[in-house]
file upload_36.pdb (PDB, C-alpha atoms)
ATOM      1  CA  MET A   1       0.000   0.000   0.000
ATOM      2  CA  ALA A   2       1.414   3.333  -1.056
ATOM      3  CA  GLY A   3       0.931   6.508   0.906
ATOM      4  CA  TRP A   4       2.366   9.714   2.275
ATOM      5  CA  GLY A   5       5.010   9.779   4.973
ATOM      6  CA  GLY A   6       7.621  12.086   6.434
ATOM      7  CA  LEU A   7       5.244  15.039   6.591
ATOM      8  CA  ARG A   8       6.659  18.352   7.694
ATOM      9  CA  MET A   9       4.283  21.248   8.033
ATOM     10  CA  SER A  10       4.881  24.973   8.374
ATOM     11  CA  ALA A  11       2.507  27.884   8.845
ATOM     12  CA  ALA A  12       3.320  31.567   8.970
ATOM     13  CA  ALA A  13       0.600  33.191  10.985
ATOM     14  CA  GLY A  14       1.076  36.897  10.385
ATOM     15  CA  ARG A  15       3.352  39.571   9.026
ATOM     16  CA  SER A  16       5.749  39.291  11.952
ATOM     17  CA  LEU A  17       6.344  35.655  10.956
ATOM     18  CA  ARG A  18       6.644  36.252   7.215
ATOM     19  CA  ALA A  19      10.266  35.138   7.501
ATOM     20  CA  CYS A  20       9.097  31.631   8.412
ATOM     21  CA  ARG A  21       7.296  30.776   5.212
ATOM     22  CA  HIS A  22       8.780  27.332   4.946
ATOM     23  CA  ALA A  23       9.456  24.782   7.664
ATOM     24  CA  ALA A  24      12.910  23.442   8.280
ATOM     25  CA  SER A  25      13.139  20.333   6.156
ATOM     26  CA  GLU A  26      16.520  19.384   4.695
ATOM     27  CA  ALA A  27      17.276  23.054   4.024
ATOM     28  CA  ALA A  28      14.410  23.343   1.581
ATOM     29  CA  GLY A  29      14.390  27.129   1.714
ATOM     30  CA  VAL A  30      13.909  27.919   5.349
ATOM     31  CA  GLY A  31      13.345  31.450   6.615
ATOM     32  CA  CYS A  32      14.042  31.733  10.315
ATOM     33  CA  CYS A  33      15.509  35.171  10.934
ATOM     34  CA  LEU A  34      13.310  35.592  13.970
ATOM     35  CA  SER A  35      13.706  35.536  17.710
ATOM     36  CA  LEU A  36      11.520  32.584  18.632
ATOM     37  CA  LEU A  37      10.081  29.464  17.088
ATOM     38  CA  ARG A  38       7.026  28.519  19.099
ATOM     39  CA  PHE A  39       5.503  25.076  19.389
ATOM     40  CA  ALA A  40       2.023  26.495  19.939
ATOM     41  CA  THR A  41      -0.789  24.642  21.645
ATOM     42  CA  SER A  42      -3.375  27.383  21.547
ATOM     43  CA  ASN A  43      -4.945  29.367  18.735
ATOM     44  CA  HIS A  44      -4.486  32.400  20.922
ATOM     45  CA  ARG A  45      -0.721  32.098  20.634
ATOM     46  CA  LEU A  46      -0.305  30.376  17.292
ATOM     47  CA  GLY A  47       2.949  31.459  15.775
ATOM     48  CA  PHE A  48       5.079  29.047  13.814
ATOM     49  CA  GLY A  49       5.211  25.318  14.369
ATOM     50  CA  VAL A  50       7.353  22.472  13.141
ATOM     51  CA  CYS A  51       5.932  19.017  13.722
ATOM     52  CA  SER A  52       7.992  16.201  12.248
ATOM     53  CA  ILE A  53       5.686  13.215  12.468
ATOM     54  CA  GLY A  54       7.464  11.096   9.910
ATOM     55  CA  ASP A  55      10.582  10.393  11.950
ATOM     56  CA  LYS A  56      10.267   7.349  14.197
ATOM     57  CA  MET A  57      12.933   8.703  16.520
ATOM     58  CA  MET A  58      10.763  11.736  17.245
ATOM     59  CA  ALA A  59       7.493   9.847  17.691
ATOM     60  CA  SER A  60       8.240   9.311  21.366
ATOM     61  CA  ALA A  61      10.669  10.899  23.765
ATOM     62  CA  ALA A  62      11.259   7.435  25.187
ATOM     63  CA  LEU A  63      13.094   6.495  21.986
ATOM     64  CA  THR A  64      15.712   9.212  22.394
ATOM     65  CA  PRO A  65      18.553   9.671  24.891
ATOM     66  CA  SER A  66      17.736  11.660  28.014
ATOM     67  CA  ASN A  67      18.213  15.391  27.588
ATOM     68  CA  PRO A  68      19.882  17.370  30.374
ATOM     69  CA  LEU A  69      18.019  20.078  32.204
ATOM     70  CA  GLY A  70      19.428  23.581  31.927
ATOM     71  CA  ALA A  71      18.688  26.408  34.332
ATOM     72  CA  ARG A  72      15.268  26.503  35.994
ATOM     73  CA  PHE A  73      13.564  29.827  36.690
ATOM     74  CA  VAL A  74      10.724  29.797  39.226
ATOM     75  CA  ALA A  75       8.452  32.856  39.535
ATOM     76  CA  THR A  76       6.432  33.019  42.770
ATOM     77  CA  TRP A  77       3.757  35.573  43.598
ATOM     78  CA  GLN A  78       4.653  37.646  46.686
ATOM     79  CA  GLN A  79       1.528  38.761  48.517
ATOM     80  CA  ASN A  80       3.356  41.253  50.731
ATOM     81  CA  CYS A  81       4.660  43.296  47.810
ATOM     82  CA  SER A  82       2.077  42.325  45.187
ATOM     83  CA  GLY A  83       4.768  41.299  42.739
ATOM     84  CA  TRP A  84       6.701  38.353  41.335
ATOM     85  CA  ALA A  85       9.969  37.027  42.736
ATOM     86  CA  VAL A  86      12.058  34.959  40.284
ATOM     87  CA  GLU A  87      14.566  32.429  41.592
ATOM     88  CA  ARG A  88      17.153  30.776  39.337
ATOM     89  CA  HIS A  89      18.216  27.179  39.961
ATOM     90  CA  GLU A  90      21.572  26.116  38.544
ATOM     91  CA  PRO A  91      21.787  23.390  35.866
ATOM     92  CA  GLY A  92      22.542  19.943  37.238
ATOM     93  CA  THR A  93      20.115  20.110  40.165
ATOM     94  CA  VAL A  94      17.538  17.347  40.651
ATOM     95  CA  PRO A  95      15.833  16.346  38.407
ATOM     96  CA  THR A  96      18.783  16.101  36.026
ATOM     97  CA  SER A  97      16.941  15.365  32.758
ATOM     98  CA  ALA A  98      14.161  17.063  30.821
ATOM     99  CA  GLU A  99      12.123  13.855  30.755
ATOM    100  CA  ALA A 100      12.387  13.383  34.533
ATOM    101  CA  TYR A 101      11.354  16.995  35.108
ATOM    102  CA  VAL A 102       8.243  16.676  32.927
ATOM    103  CA  ASP A 103       7.311  13.366  34.562
ATOM    104  CA  ASP A 104       7.367  15.103  37.968
ATOM    105  CA  LEU A 105       4.983  17.894  36.945
ATOM    106  CA  PRO A 106       1.504  17.823  38.534
ATOM    107  CA  THR A 107      -0.091  18.096  35.099
ATOM    108  CA  ARG A 108       1.340  17.445  31.654
ATOM    109  CA  SER A 109       0.428  19.206  28.434
ATOM    110  CA  PRO A 110      -1.743  16.935  26.266
ATOM    111  CA  SER A 111      -0.173  18.391  23.107
ATOM    112  CA  ALA A 112       1.155  15.742  20.727
ATOM    113  CA  VAL A 113       3.981  18.133  19.895
ATOM    114  CA  LEU A 114       5.432  17.777  23.404
ATOM    115  CA  ALA A 115       6.890  14.333  22.620
ATOM    116  CA  SER A 116       8.635  15.723  19.547
ATOM    117  CA  PHE A 117       9.918  18.679  21.543
ATOM    118  CA  LEU A 118      11.369  16.455  24.257
ATOM    119  CA  GLY A 119      12.751  14.162  21.577
ATOM    120  CA  GLN A 120      15.086  16.861  20.287
ATOM    121  CA  ALA A 121      18.597  16.108  21.540
ATOM    122  CA  SER A 122      19.142  19.453  23.223
ATOM    123  CA  PRO A 123      19.307  20.733  26.827
ATOM    124  CA  MET A 124      16.079  22.319  28.099
ATOM    125  CA  ALA A 125      15.762  25.448  30.197
ATOM    126  CA  VAL A 126      12.572  25.730  32.257
ATOM    127  CA  PHE A 127      10.434  28.700  33.236
ATOM    128  CA  GLU A 128       7.858  28.164  35.973
ATOM    129  CA  LEU A 129       5.018  30.201  37.416
ATOM    130  CA  ASP A 130       3.650  29.357  40.867
ATOM    131  CA  CYS A 131       0.568  31.269  41.978
ATOM    132  CA  ASP A 132      -1.933  30.170  44.617
ATOM    133  CA  GLY A 133      -0.698  26.589  44.407
ATOM    134  CA  VAL A 134      -1.100  26.393  40.614
ATOM    135  CA  ARG A 135       2.149  25.423  38.908
ATOM    136  CA  LYS A 136       2.693  26.146  35.226
ATOM    137  CA  ALA A 137       5.827  25.524  33.181
ATOM    138  CA  VAL A 138       7.296  26.240  29.746
ATOM    139  CA  GLY A 139      10.379  24.548  28.323
ATOM    140  CA  LEU A 140      12.893  26.207  26.017
ATOM    141  CA  LYS A 141      15.466  24.539  23.757
ATOM    142  CA  LEU A 142      18.095  25.951  21.436
ATOM    143  CA  MET A 143      17.944  24.317  18.020
ATOM    144  CA  SER A 144      19.606  24.782  14.670
ATOM    145  CA  VAL A 145      16.987  25.427  11.966
ATOM    146  CA  ALA A 146      18.408  25.841   8.459
ATOM    147  CA  SER A 147      21.754  26.397  10.225
ATOM    148  CA  ASN A 148      20.292  29.363  12.151
ATOM    149  CA  PRO A 149      19.964  29.510  15.962
ATOM    150  CA  VAL A 150      16.331  29.352  17.060
ATOM    151  CA  MET A 151      14.949  29.412  20.595
ATOM    152  CA  VAL A 152      12.041  26.954  20.700
ATOM    153  CA  ARG A 153       9.422  27.193  23.450
ATOM    154  CA  GLN A 154       6.865  24.582  24.416
ATOM    155  CA  PRO A 155       4.255  24.566  27.217
ATOM    156  CA  LEU A 156       4.926  21.610  29.502
ATOM    157  CA  THR A 157       1.810  21.813  31.667
ATOM    158  CA  SER A 158      -1.825  21.777  30.636
ATOM    159  CA  ARG A 159      -3.766  25.037  30.203
ATOM    160  CA  THR A 160      -0.577  27.058  29.955
ATOM    161  CA  GLU A 161      -0.347  30.194  27.828
ATOM    162  CA  MET A 162       3.226  31.166  27.024
ATOM    163  CA  ARG A 163       2.377  34.846  27.275
ATOM    164  CA  GLU A 164       1.540  34.312  30.973
ATOM    165  CA  LEU A 165       5.163  33.458  31.670
ATOM    166  CA  ASP A 166       6.566  36.031  29.235
ATOM    167  CA  LYS A 167       5.234  38.796  31.488
ATOM    168  CA  VAL A 168       7.003  37.660  34.658
ATOM    169  CA  HIS A 169      10.374  36.265  33.518
ATOM    170  CA  PRO A 170      13.018  38.887  32.579
ATOM    171  CA  VAL A 171      14.948  36.376  30.433
ATOM    172  CA  LEU A 172      11.880  35.714  28.286
ATOM    173  CA  MET A 173      11.282  39.460  27.977
ATOM    174  CA  ARG A 174      14.840  39.900  26.657
ATOM    175  CA  LEU A 175      14.322  37.055  24.189
ATOM    176  CA  ASP A 176      11.169  38.694  22.883
ATOM    177  CA  GLY A 177      13.186  41.859  22.301
ATOM    178  CA  LEU A 178      15.675  40.154  19.963
ATOM    179  CA  ALA A 179      14.824  40.971  16.359
ATOM    180  CA  THR A 180      17.762  39.309  14.593
ATOM    181  CA  TYR A 181      20.814  37.495  15.887
ATOM    182  CA  HIS A 182      23.412  34.954  14.866
ATOM    183  CA  TRP A 183      25.552  32.395  16.676
ATOM    184  CA  GLY A 184      28.018  35.046  17.805
ATOM    185  CA  THR A 185      25.656  37.862  18.861
ATOM    186  CA  PRO A 186      26.737  38.938  22.406
ATOM    187  CA  VAL A 187      23.182  39.270  23.779
ATOM    188  CA  PHE A 188      22.275  35.848  22.408
ATOM    189  CA  LEU A 189      25.372  34.302  24.025
ATOM    190  CA  ASP A 190      24.584  36.005  27.357
ATOM    191  CA  LEU A 191      21.052  34.617  27.334
ATOM    192  CA  CYS A 192      22.323  31.111  26.523
ATOM    193  CA  GLU A 193      24.691  31.300  29.484
ATOM    194  CA  ALA A 194      21.894  32.479  31.786
ATOM    195  CA  MET A 195      19.702  29.547  30.706
ATOM    196  CA  GLY A 196      22.461  26.950  30.973
ATOM    197  CA  LEU A 197      22.427  26.232  27.234
ATOM    198  CA  ASP A 198      25.540  25.587  25.159
ATOM    199  CA  PRO A 199      25.320  27.371  21.773
ATOM    200  CA  GLN A 200      28.435  25.600  20.488
ATOM    201  CA  ALA A 201      26.772  22.197  20.910
ATOM    202  CA  ALA A 202      23.826  23.242  18.727
ATOM    203  CA  ARG A 203      25.849  25.262  16.208
ATOM    204  CA  PRO A 204      26.162  23.586  12.791
ATOM    205  CA  ARG A 205      29.555  22.197  11.833
ATOM    206  CA  PHE A 206      30.829  22.687   8.301
ATOM    207  CA  ARG A 207      33.321  20.685   6.276
ATOM    208  CA  ALA A 208      36.800  22.169   6.484
ATOM    209  CA  ARG A 209      37.049  23.332   2.866
ATOM    210  CA  PHE A 210      33.743  25.228   3.121
ATOM    211  CA  LYS A 211      34.105  26.546   6.675
ATOM    212  CA  ASP A 212      35.214  30.164   5.987
ATOM    213  CA  LEU A 213      32.655  30.692   3.239
ATOM    214  CA  ALA A 214      29.900  29.003   5.250
ATOM    215  CA  GLU A 215      30.517  31.142   8.345
ATOM    216  CA  GLU A 216      30.200  34.367   6.311
ATOM    217  CA  LEU A 217      27.056  33.131   4.574
ATOM    218  CA  LEU A 218      25.630  32.052   7.920
ATOM    219  CA  ARG A 219      26.142  35.496   9.416
ATOM    220  CA  TRP A 220      24.529  37.110   6.349
ATOM    221  CA  ARG A 221      21.621  34.658   6.448
ATOM    222  CA  CYS A 222      20.935  35.230  10.155
ATOM    223  CA  THR A 223      21.088  39.025  10.135
ATOM    224  CA  VAL A 224      19.900  40.288   6.723
ATOM    225  CA  ARG A 225      16.150  40.591   6.520
ATOM    226  CA  LEU A 226      13.763  40.873   3.598
ATOM    227  CA  GLY A 227      11.788  44.051   3.102
ATOM    228  CA  ALA A 228       8.335  44.237   4.635
ATOM    229  CA  ASP A 229       6.663  43.659   1.259
ATOM    230  CA  ALA A 230       8.987  40.920  -0.036
ATOM    231  CA  SER A 231       7.785  37.332  -0.323
ATOM    232  CA  TRP A 232       9.727  34.106  -0.280
ATOM    233  CA  GLU A 233       8.929  33.621  -3.954
ATOM    234  CA  SER A 234      10.460  36.978  -4.892
ATOM    235  CA  PRO A 235      14.030  37.083  -6.270
ATOM    236  CA  GLY A 236      15.280  38.360  -2.901
ATOM    237  CA  GLY A 237      13.397  35.656  -1.033
ATOM    238  CA  LYS A 238      14.854  32.988  -3.303
ATOM    239  CA  ALA A 239      18.345  34.345  -2.597
ATOM    240  CA  ARG A 240      17.889  33.629   1.096
ATOM    241  CA  GLN A 241      16.423  30.229   0.366
ATOM    242  CA  ALA A 242      19.416  29.417  -1.840
ATOM    243  CA  VAL A 243      21.871  30.387   0.910
ATOM    244  CA  SER A 244      20.022  28.151   3.375
ATOM    245  CA  MET A 245      20.184  25.231   0.955
ATOM    246  CA  ALA A 246      23.879  25.818   0.224
ATOM    247  CA  LEU A 247      24.696  25.966   3.945
ATOM    248  CA  GLU A 248      22.967  22.658   4.580
ATOM    249  CA  MET A 249      25.023  21.042   1.814
ATOM    250  CA  MET A 250      28.261  22.364   3.343
ATOM    251  CA  ARG A 251      27.624  20.815   6.749
ATOM    252  CA  ALA A 252      29.876  18.149   8.205
ATOM    253  CA  ASP A 253      27.042  16.441  10.094
ATOM    254  CA  ALA A 254      24.561  15.990   7.234
ATOM    255  CA  TYR A 255      24.821  13.948   4.034
ATOM    256  CA  PRO A 256      24.444  16.072   0.869
ATOM    257  CA  GLY A 257      22.076  14.419  -1.588
ATOM    258  CA  PRO A 258      21.626  14.960  -5.341
ATOM    259  CA  GLY A 259      18.028  16.038  -4.725
ATOM    260  CA  HIS A 260      19.293  18.858  -2.496
ATOM    261  CA  LEU A 261      21.561  20.142  -5.264
ATOM    262  CA  ASP A 262      18.750  19.997  -7.829
ATOM    263  CA  ARG A 263      16.522  22.124  -5.603
ATOM    264  CA  LEU A 264      19.390  24.542  -4.970
ATOM    265  CA  ARG A 265      19.988  24.959  -8.714
ATOM    266  CA  ASP A 266      16.293  25.555  -9.376
ATOM    267  CA  CYS A 267      16.243  28.279  -6.725
ATOM    268  CA  TRP A 268      19.552  29.748  -7.923
ATOM    269  CA  ALA A 269      18.199  30.228 -11.449
ATOM    270  CA  GLY A 270      15.404  32.582 -10.370
ATOM    271  CA  MET A 271      17.021  34.630  -7.618
ATOM    272  CA  ASP A 272      18.488  38.093  -7.208
ATOM    273  CA  ARG A 273      22.227  37.621  -6.724
ATOM    274  CA  GLY A 274      22.894  41.292  -6.025
ATOM    275  CA  PRO A 275      22.810  41.231  -2.199
ATOM    276  CA  LEU A 276      24.709  37.950  -1.804
ATOM    277  CA  PRO A 277      28.265  37.891  -0.475
ATOM    278  CA  HIS A 278      30.834  35.826  -2.419
ATOM    279  CA  VAL A 279      28.373  35.371  -5.263
ATOM    280  CA  GLY A 280      31.086  34.319  -7.721
ATOM    281  CA  GLU A 281      32.375  31.560  -5.454
ATOM    282  CA  LEU A 282      28.836  30.401  -4.759
ATOM    283  CA  ASP A 283      27.996  30.338  -8.453
ATOM    284  CA  GLU A 284      30.933  28.007  -9.123
ATOM    285  CA  LEU A 285      29.859  25.670  -6.332
ATOM    286  CA  VAL A 286      26.222  25.549  -7.417
ATOM    287  CA  ASN A 287      27.147  24.743 -11.020
ATOM    288  CA  SER A 288      29.632  22.033 -10.087
ATOM    289  CA  ASP A 289      29.314  18.807  -8.130
ATOM    290  CA  GLU A 290      31.745  19.857  -5.405
ATOM    291  CA  LEU A 291      28.973  20.177  -2.833
ATOM    292  CA  LEU A 292      28.217  16.469  -3.335
ATOM    293  CA  ASP A 293      31.770  15.453  -2.405
ATOM    294  CA  THR A 294      31.412  13.704   0.960
ATOM    295  CA  ALA A 295      35.060  14.049   2.007
ATOM    296  CA  GLY A 296      35.237  15.673   5.437
ATOM    297  CA  LEU A 297      31.875  14.442   6.747
ATOM    298  CA  ASP A 298      31.683  13.533  10.424
ATOM    299  CA  ALA A 299      32.157   9.867  11.234
ATOM    300  CA  GLY A 300      28.853   8.016  11.381
ATOM    301  CA  VAL A 301      26.936  10.262   8.959
ATOM    302  CA  VAL A 302      24.915   7.951   6.749
ATOM    303  CA  ARG A 303      23.354   8.545   3.375
ATOM    304  CA  PRO A 304      19.582   9.021   3.626
ATOM    305  CA  ARG A 305      17.261   7.058   1.407
ATOM    306  CA  GLU A 306      16.174   9.027  -1.618
ATOM    307  CA  MET A 307      12.384   8.935  -1.884
ATOM    308  CA  PRO A 308      10.183  10.867  -4.299
ATOM    309  CA  ALA A 309       9.185  14.086  -2.565
ATOM    310  CA  THR A 310       6.941  16.985  -3.351
ATOM    311  CA  ALA A 311       5.614  20.117  -1.681
ATOM    312  CA  LEU A 312       1.986  21.198  -1.611
ATOM    313  CA  THR A 313       1.550  24.944  -1.152
ATOM    314  CA  PHE A 314      -1.936  26.076  -0.199
ATOM    315  CA  LEU A 315      -3.473  29.120  -1.775
ATOM    316  CA  PRO A 316      -2.749  32.341   0.147
ATOM    317  CA  SER A 317      -5.289  33.434   2.696
ATOM    318  CA  ARG A 318      -7.369  36.514   1.988
ATOM    319  CA  HIS A 319      -5.460  38.080   4.880
ATOM    320  CA  GLY A 320      -2.223  38.104   2.891
ATOM    321  CA  SER A 321       0.722  35.931   1.876
ATOM    322  CA  GLY A 322       1.943  35.776   5.470
ATOM    323  CA  TYR A 323      -0.786  33.198   6.089
ATOM    324  CA  THR A 324       0.246  30.683   3.440
ATOM    325  CA  ALA A 325       1.208  27.157   4.420
ATOM    326  CA  THR A 326       3.214  24.376   2.816
ATOM    327  CA  ILE A 327       3.237  20.636   3.441
ATOM    328  CA  SER A 328       6.129  18.522   2.176
ATOM    329  CA  GLY A 329       5.789  14.766   1.895
ATOM    330  CA  TYR A 330       7.487  11.624   0.657
ATOM    331  CA  TRP A 331       5.781   8.952  -1.414
ATOM    332  CA  GLY A 332       6.600   5.308  -0.689
ATOM    333  CA  GLN A 333       5.363   1.913   0.510
ATOM    334  CA  HIS A 334       3.780   1.494   3.939
ATOM    335  CA  GLU A 335       5.530  -0.843   6.340
ATOM    336  CA  PRO A 336       3.421  -3.072   8.640
ATOM    337  CA  ASP A 337       3.722  -0.543  11.468
ATOM    338  CA  GLY A 338       2.214   2.201   9.302
ATOM    339  CA  TRP A 339       5.398   4.132   8.536
ATOM    340  CA  VAL A 340       6.378   4.846   4.963
ATOM    341  CA  ALA A 341       9.360   2.791   3.799
TER     342      ALA A 341
END
call {"tool": "encode", "arguments": {"input": "upload_36.pdb", "output": "structure tokens"}}
result
Amino acid sequence: MAGWGGLRMSAAAGRSLRACRHAASEAAGVGCCLSLLRFATSNHRLGFGVCSIGDKMMASAALTPSNPLGARFVATWQQNCSGWAVERHEPGTVPTSAEAYVDDLPTRSPSAVLASFLGQASPMAVFELDCDGVRKAVGLKLMSVASNPVMVRQPLTSRTEMRELDKVHPVLMRLDGLATYHWGTPVFLDLCEAMGLDPQAARPRFRARFKDLAEELLRWRCTVRLGADASWESPGGKARQAVSMALEMMRADAYPGPGHLDRLRDCWAGMDRGPLPHVGELDELVNSDELLDTAGLDAGVVRPREMPATALTFLPSRHGSGYTATISGYWGQHEPDGWVA
């Protein structure tokens, strides 16, 4: 029986999230020059979500190694001064893993996305709110999306609105104030240190011969923003997509496939090369097979199976192109357990 598998869905829910038109899927043109990627559980706070339901390793947190717990911030309401007091607990205190922490919560978010969030191999910082005996918690992980640093938040307890905790935790307020940043931005590094997160562990690694070029492209990709009226299908939008694709193919921890290069060349043909740094060097790489050379890959990186893939882009909403959505899928044979082979 044939069917769809490996679905990855993205939705940009407003002008402020126009930069996230496409979800992070094998560098297929990802726009993530934003402060936060939110795994939303409420229509009131819907921002941008990535839910990878086609990966067996992400179907359950129990199938992944335990993730360490970063810093824990606990906000408690003080009746005597009618205000919030925030206490920071150092990383390494009990419980020592993200899974153990969530298991100890009085209530657990019913969101199916929580398992995928916990399944990401990344330390988790925690922000709590304790008021009148009601305990609410939000987890935060640093992830690399299209080689860009993205702070991902996820409610851990039921009936928890992220904006409730945003108002009382100074660290979250500072995160909300970040418009653009890259792996070396001082404020970003300070916030990672405060939360007990290691940006170097999440930072993408590039093959030695591409490293200098990749680092410059990465800085450009993380900090240069499209104009307010630009779309991801415009020449400028395609330029940023092309850089994201090229960066993914330069990585040392990901296998570059021929399908990736084909998509990069298609994007390269219709883009505006004017704003790109090192455009001549990039042009040579795109029109050669050098990006497919696997020399310099990390040990243990395996070649993924090539399956026919396609993307379905829904018609834009009447509210504007910022509300468009795309679903990418792979076509193959169902295994007995329901996954696509």
call {"tool": "residues_near_point", "arguments": {"input": "upload_36.pdb", "point": "(22.8, 31.1, 26.9)", "cutoff": "12 Å", "atoms": "all atoms listed in the file", "output": "number ranges by chain"}}
result
A: 70-71, 91, 123-125, 140-142, 149-151, 171-172, 174-175, 183-202
call {"tool": "atom_distance", "arguments": {"input": "upload_36.pdb", "atom1": "atom CA of A:Asp262", "atom2": "atom CA of A:Gln120"}}
result
28.5 Å
call {"tool": "closest_residue", "arguments": {"input": "upload_36.pdb", "among": "A:Glu248, A:Asp166, A:Asp103, A:Glu233", "to": "A:Met271", "atoms": "all atoms listed in the file"}}
result
A:Glu233
call {"tool": "atom_distance", "arguments": {"input": "upload_36.pdb", "atom1": "atom CA of A:Trp232", "atom2": "atom CA of A:Arg303"}}
result
29.2 Å
call {"tool": "resolve_selection", "arguments": {"input": "upload_36.pdb", "expression": "the PyMOL selection byres ((chain A and resi 264) around 12)", "output": "JSON, numbers by chain"}}
result
{"A": [26, 27, 28, 29, 238, 239, 240, 241, 242, 243, 244, 245, 246, 247, 248, 249, 256, 257, 258, 259, 260, 261, 262, 263, 265, 266, 267, 268, 269, 270, 271, 282, 283, 285, 286, 287, 288, 289, 291]}
call {"tool": "atom_distance", "arguments": {"input": "upload_36.pdb", "atom1": "atom CA of A:Ala115", "atom2": "atom CA of A:Pro155"}}
result
11.5 Å
call {"tool": "resolve_selection", "arguments": {"input": "upload_36.pdb", "expression": "the PyMOL selection byres ((chain A and resi 216) around 12)", "output": "list in words"}}
result
His182, Trp183, Gly184, Phe206, Phe210, Lys211, Asp212, Leu213, Ala214, Glu215, Leu217, Leu218, Arg219, Trp220, Arg221, Cys222, Thr223, Val224, Val243, Leu247, Leu276, Pro277, His278, Val279 and Leu282 of chain A
call {"tool": "residues_near_point", "arguments": {"input": "upload_36.pdb", "point": "(4.3, 28.5, 37.4)", "cutoff": "10 Å", "atoms": "only C-alpha atoms", "output": "PDB file with C-alpha atoms, in the frame of the given file"}}
result
ATOM      1  CA  PHE A  73      13.564  29.827  36.690  1.00  0.00           C
ATOM      2  CA  VAL A  74      10.724  29.797  39.226  1.00  0.00           C
ATOM      3  CA  ALA A  75       8.452  32.856  39.535  1.00  0.00           C
ATOM      4  CA  THR A  76       6.432  33.019  42.770  1.00  0.00           C
ATOM      5  CA  TRP A  77       3.757  35.573  43.598  1.00  0.00           C
ATOM      6  CA  PHE A 127      10.434  28.700  33.236  1.00  0.00           C
ATOM      7  CA  GLU A 128       7.858  28.164  35.973  1.00  0.00           C
ATOM      8  CA  LEU A 129       5.018  30.201  37.416  1.00  0.00           C
ATOM      9  CA  ASP A 130       3.650  29.357  40.867  1.00  0.00           C
ATOM     10  CA  CYS A 131       0.568  31.269  41.978  1.00  0.00           C
ATOM     11  CA  ASP A 132      -1.933  30.170  44.617  1.00  0.00           C
ATOM     12  CA  GLY A 133      -0.698  26.589  44.407  1.00  0.00           C
ATOM     13  CA  VAL A 134      -1.100  26.393  40.614  1.00  0.00           C
ATOM     14  CA  ARG A 135       2.149  25.423  38.908  1.00  0.00           C
ATOM     15  CA  LYS A 136       2.693  26.146  35.226  1.00  0.00           C
ATOM     16  CA  ALA A 137       5.827  25.524  33.181  1.00  0.00           C
ATOM     17  CA  VAL A 138       7.296  26.240  29.746  1.00  0.00           C
ATOM     18  CA  THR A 157       1.810  21.813  31.667  1.00  0.00           C
ATOM     19  CA  THR A 160      -0.577  27.058  29.955  1.00  0.00           C
ATOM     20  CA  GLU A 164       1.540  34.312  30.973  1.00  0.00           C
ATOM     21  CA  LEU A 165       5.163  33.458  31.670  1.00  0.00           C
ATOM     22  CA  VAL A 168       7.003  37.660  34.658  1.00  0.00           C
TER      23      VAL A 168
END
call {"tool": "axis_aligned_box", "arguments": {"input": "upload_36.pdb", "around": "stretch 103-119 of chain A", "padding_each_side": "3 Å", "output": "AutoDock Vina command-line options"}}
result
--center_x 5.5 --center_y 16.3 --center_z 29.0 --size_x 20.5 --size_y 11.8 --size_z 25.0
call {"tool": "closest_residue", "arguments": {"input": "upload_36.pdb", "among": "A:Glu99, A:Asp104, A:Gln154, A:Ala208", "to": "A:Phe117", "atoms": "only C-alpha atoms"}}
result
A:Gln154
call {"tool": "residues_around", "arguments": {"input": "upload_36.pdb", "residues": "A:Thr96", "least_positions_apart": "2", "cutoff": "9 Å", "atoms": "all atoms listed in the file", "output": "JSON list (two decimals) with C-alpha atoms, in the coordinates of the input"}}
result
[["chain", "number", "residue", "atom", "x", "y", "z"],
["A", 67, "ASN", "CA", 18.21, 15.39, 27.59],
["A", 68, "PRO", "CA", 19.88, 17.37, 30.37],
["A", 69, "LEU", "CA", 18.02, 20.08, 32.20],
["A", 70, "GLY", "CA", 19.43, 23.58, 31.93],
["A", 91, "PRO", "CA", 21.79, 23.39, 35.87],
["A", 92, "GLY", "CA", 22.54, 19.94, 37.24],
["A", 93, "THR", "CA", 20.11, 20.11, 40.16],
["A", 94, "VAL", "CA", 17.54, 17.35, 40.65],
["A", 98, "ALA", "CA", 14.16, 17.06, 30.82],
["A", 99, "GLU", "CA", 12.12, 13.86, 30.76],
["A", 100, "ALA", "CA", 12.39, 13.38, 34.53],
["A", 101, "TYR", "CA", 11.35, 17.00, 35.11]]
